[in-house]
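S.K.: Okay, handing you the structure first.
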Amino acid sequence: MEGEKQEEKYDSFDDYRHNYVIFEDIKGEVGDDYPSFPKEIIRENIENETSIIFECLRLKKYLMNFSNKKECQKRNCCAYVNYMLNKGILNYYKSPTYIFNIYNSYMNHPSNDKIKDLCLSKIIYMDKEKHEKIDNLYSAYKTCHLFFSNERNTTCSLAKSCATAYNNIIYQHPNPDDDKFCKAVNDFKKILEKNEHISGGKCGAQIPYLFSYPDTLTLVHEDPEQNSIISEDHGRSILTEKAYKGSSIAEEQQETAAIRENHITSSISLGSALPVTLFSS
């Protein structure tokens, strides 16, 4: 499955927020569904079997929120849940493709006719490098989603954390060879530029300058040598400007932790009684 090739599409910021909220809402609500898991899917004892079963159940419950394939495709729902499945197992299994065989067998089971046509061919194992690139983008989305959602505590500190998380995408990937990735990042920037705290002058010099990929990186690369020179210069300018602004990965991590703490509610869901999930929040 790792070798399968399919058209790559990244969540837009809006799609990510939509998919993230759905998944967060359902991930602790699968306890009652455990007895429904078909026993024939897993025929031998495997590591973390209970957790894998719960991930299958979350996969189904998440996809059940999309009424048809068109709606699912519009929101890029398959790519999001595939990212989450990969995030959950990437560092825990020596043979992740075997786990994905379980996920696909579950989706292809007769009891899941409503979901198997949505994503069956798109639940696949990603190599670590590919997943890390998506994770950098989606982690920035998450930080900014928490900032945008925190209406009661919209401060310049949180705005800075969002802007820093955005810049760290380009800091981590100064020389991308993926036009769609560049477009997703630049479209993300356009949204941030409309926010009064980030780009409206409300927070002044506290907010770091927002970088973007040059247009030459979002077009078909006709001259690889020239594009390499452009990318290298672009990467160096990012590092220089980043150091000048004092914006760092460590700062982003600290400030993101503060956002998450402010975002936690006192409600207790069924998820607290379930086994530890492979999905990280």
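Residue numbering restarts at 1 for every chain of the structure tokens, chains are lettered A, B, ... in their displayed order, and ligands are numbered from 1 as they appear.
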Tell me, as a count of residues only, which residues lie within 10 Å of segment 131-146 of chain A, counting only C-alpha atoms; anything in the same chain fewer than 2 positions away does not count.

M.R.: 55

S.K.: Find the distance between atom CA of Asn19 of chain A and atom CA of Glu193 of chain A and write it in Å to one decimal.

M.R.: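 Straight-line distance from atom CA of Asn19 of chain A to atom CA of Glu193 of chain A works out to 22.7 Å.
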
S.K.: When you count only C-alpha atoms, which of these residues is closest to Cys203 of chain A: A:Asn65, A:Asn104, A:Asn45, A:Thr155?

M.R.: A:Thr155

S.K.: Show which residues sit within 9 Å of Asn68 of chain A, as a ChimeraX atom specification. Count only C-alpha atoms, and ignore same-chain residues fewer than 5 positions away.

M.R.: /A:73,114-115,118

S.K.: Using backbone DSSP assignments, extract all alpha helix (DSSP H) residues from segment 125-189 of chain A; output them as a PyMOL selection string.

M.R.: chain A and resi 128-149+156-172+179-189

S.K.: One decimal, Å: what's the distance from atom CA of Ser36 of chain A over to atom CA of Glu24 of chain A, could you say?

M.R.: 21.5 Å

S.K.: Please report the interatomic distance between atom CA of Lys194 of chain A and atom CA of Thr154 of chain A in Å with one decimal.

M.R.: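 Rounded to one decimal, the two atoms are 14.9 Å apart.
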
S.K.: Find the spatial neighbours of Cys119 of chain A, counting only C-alpha atoms, within a cut-off of 12 Å - ignore same-chain residues fewer than 5 positions away - and output them as a PDB file with C-alpha atoms, in the first residue's frame.

M.R.:
```pdb
ATOM      1  CA  LEU A  59     -12.611   5.659  11.545  1.00  0.00           C
ATOM      2  CA  LYS A  60     -16.164   4.470  10.917  1.00  0.00           C
ATOM      3  CA  TYR A  62     -15.851   9.835  11.691  1.00  0.00           C
ATOM      4  CA  LEU A  63     -16.802   8.863   8.133  1.00  0.00           C
ATOM      5  CA  MET A  64     -20.457   8.424   9.097  1.00  0.00           C
ATOM      6  CA  PHE A  66     -20.326  12.600   5.748  1.00  0.00           C
ATOM      7  CA  ASN A  68     -22.100  10.909   0.644  1.00  0.00           C
ATOM      8  CA  LYS A  69     -18.879  10.639  -1.326  1.00  0.00           C
ATOM      9  CA  LYS A  70     -19.258  14.105  -2.847  1.00  0.00           C
ATOM     10  CA  CYS A  72     -16.516  13.721   1.788  1.00  0.00           C
ATOM     11  CA  GLN A  73     -14.398  14.686  -1.220  1.00  0.00           C
ATOM     12  CA  ASN A  76     -10.966  16.082   1.877  1.00  0.00           C
ATOM     13  CA  CYS A  77     -12.189  13.840   4.671  1.00  0.00           C
ATOM     14  CA  CYS A  78     -10.245  10.739   3.601  1.00  0.00           C
ATOM     15  CA  ALA A  79      -6.885  12.477   3.589  1.00  0.00           C
ATOM     16  CA  TYR A  80      -7.491  13.863   7.070  1.00  0.00           C
ATOM     17  CA  VAL A  81      -8.398  10.550   8.693  1.00  0.00           C
ATOM     18  CA  ASN A  82      -5.581   8.805   6.823  1.00  0.00           C
ATOM     19  CA  TYR A 103      -8.113  -0.930   8.729  1.00  0.00           C
ATOM     20  CA  ASN A 104      -8.909  -1.741   5.102  1.00  0.00           C
ATOM     21  CA  TYR A 106     -12.613  -3.498   8.455  1.00  0.00           C
ATOM     22  CA  MET A 107     -13.773  -0.865   5.969  1.00  0.00           C
ATOM     23  CA  ASN A 108     -14.401  -3.573   3.378  1.00  0.00           C
ATOM     24  CA  ASN A 112     -19.603  -1.120   6.581  1.00  0.00           C
ATOM     25  CA  ASP A 113     -21.220  -0.663   3.184  1.00  0.00           C
ATOM     26  CA  LYS A 114     -22.000   2.968   4.016  1.00  0.00           C
ATOM     27  CA  ILE A 124      -2.797   3.835   3.108  1.00  0.00           C
TER      28      ILE A 124
END
```

S.K.: Compile a residue-level contact table for segment 89-191 of chain A against segment 47-54 of chain A at a cut-off of 12 Å, reporting for every qualifying residue the shortest atom pair and its distance in Å to one decimal, with only C-alpha atoms counted, rows ordered by chain and ascending number, as CSV.

M.R.:
```
residue,atom,partner,partner_atom,distance
A:Ile89,CA,A:Ile52,CA,9.3
A:Tyr92,CA,A:Asn48,CA,9.6
A:Tyr93,CA,A:Glu47,CA,8.6
A:Lys94,CA,A:Glu47,CA,10.8
A:Ser95,CA,A:Glu47,CA,11.1
A:Pro96,CA,A:Ile52,CA,11.4
A:Tyr98,CA,A:Ile52,CA,11.4
A:Ile99,CA,A:Ile52,CA,7.8
A:Phe100,CA,A:Ile52,CA,9.9
A:Asn101,CA,A:Ile52,CA,11.5
A:Ile102,CA,A:Ile52,CA,8.5
A:Tyr103,CA,A:Ile52,CA,8.4
A:Ser105,CA,A:Ile53,CA,11.8
A:Tyr106,CA,A:Ile53,CA,9.3
A:Met107,CA,A:Ile53,CA,12.0
```

S.K.: Write out the residues from the selection above, keeping C-alpha atoms, as a short mmCIF file (atom, residue, chain, number, x, y, z; two decimals), in the first residue's frame.

M.R.:
```
data_model
loop_
_atom_site.label_atom_id
_atom_site.label_comp_id
_atom_site.auth_asym_id
_atom_site.auth_seq_id
_atom_site.Cartn_x
_atom_site.Cartn_y
_atom_site.Cartn_z
CA ILE A 89 1.00 4.20 14.40
CA TYR A 92 4.76 2.29 17.42
CA TYR A 93 4.88 -0.54 14.91
CA LYS A 94 7.64 -2.27 12.97
CA SER A 95 5.14 -3.33 10.26
CA PRO A 96 2.59 -0.50 9.96
CA TYR A 98 -0.05 -4.84 8.49
CA ILE A 99 -2.10 -2.49 10.67
CA PHE A 100 -3.39 -0.72 7.57
CA ASN A 101 -4.44 -4.07 6.18
CA ILE A 102 -6.63 -4.39 9.27
CA TYR A 103 -8.11 -0.93 8.73
CA SER A 105 -10.34 -5.17 5.93
CA TYR A 106 -12.61 -3.50 8.46
CA MET A 107 -13.77 -0.87 5.97
#
```

S.K.: Name the closest residue to Arg75 of chain A among the candidates A:Asp177, A:Asp15, A:Asp187, A:Glu29; distances are taken between atoms, counting only C-alpha atoms.

M.R.: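 For Arg75 of chain A, the nearest of the candidates is A:Asp15.
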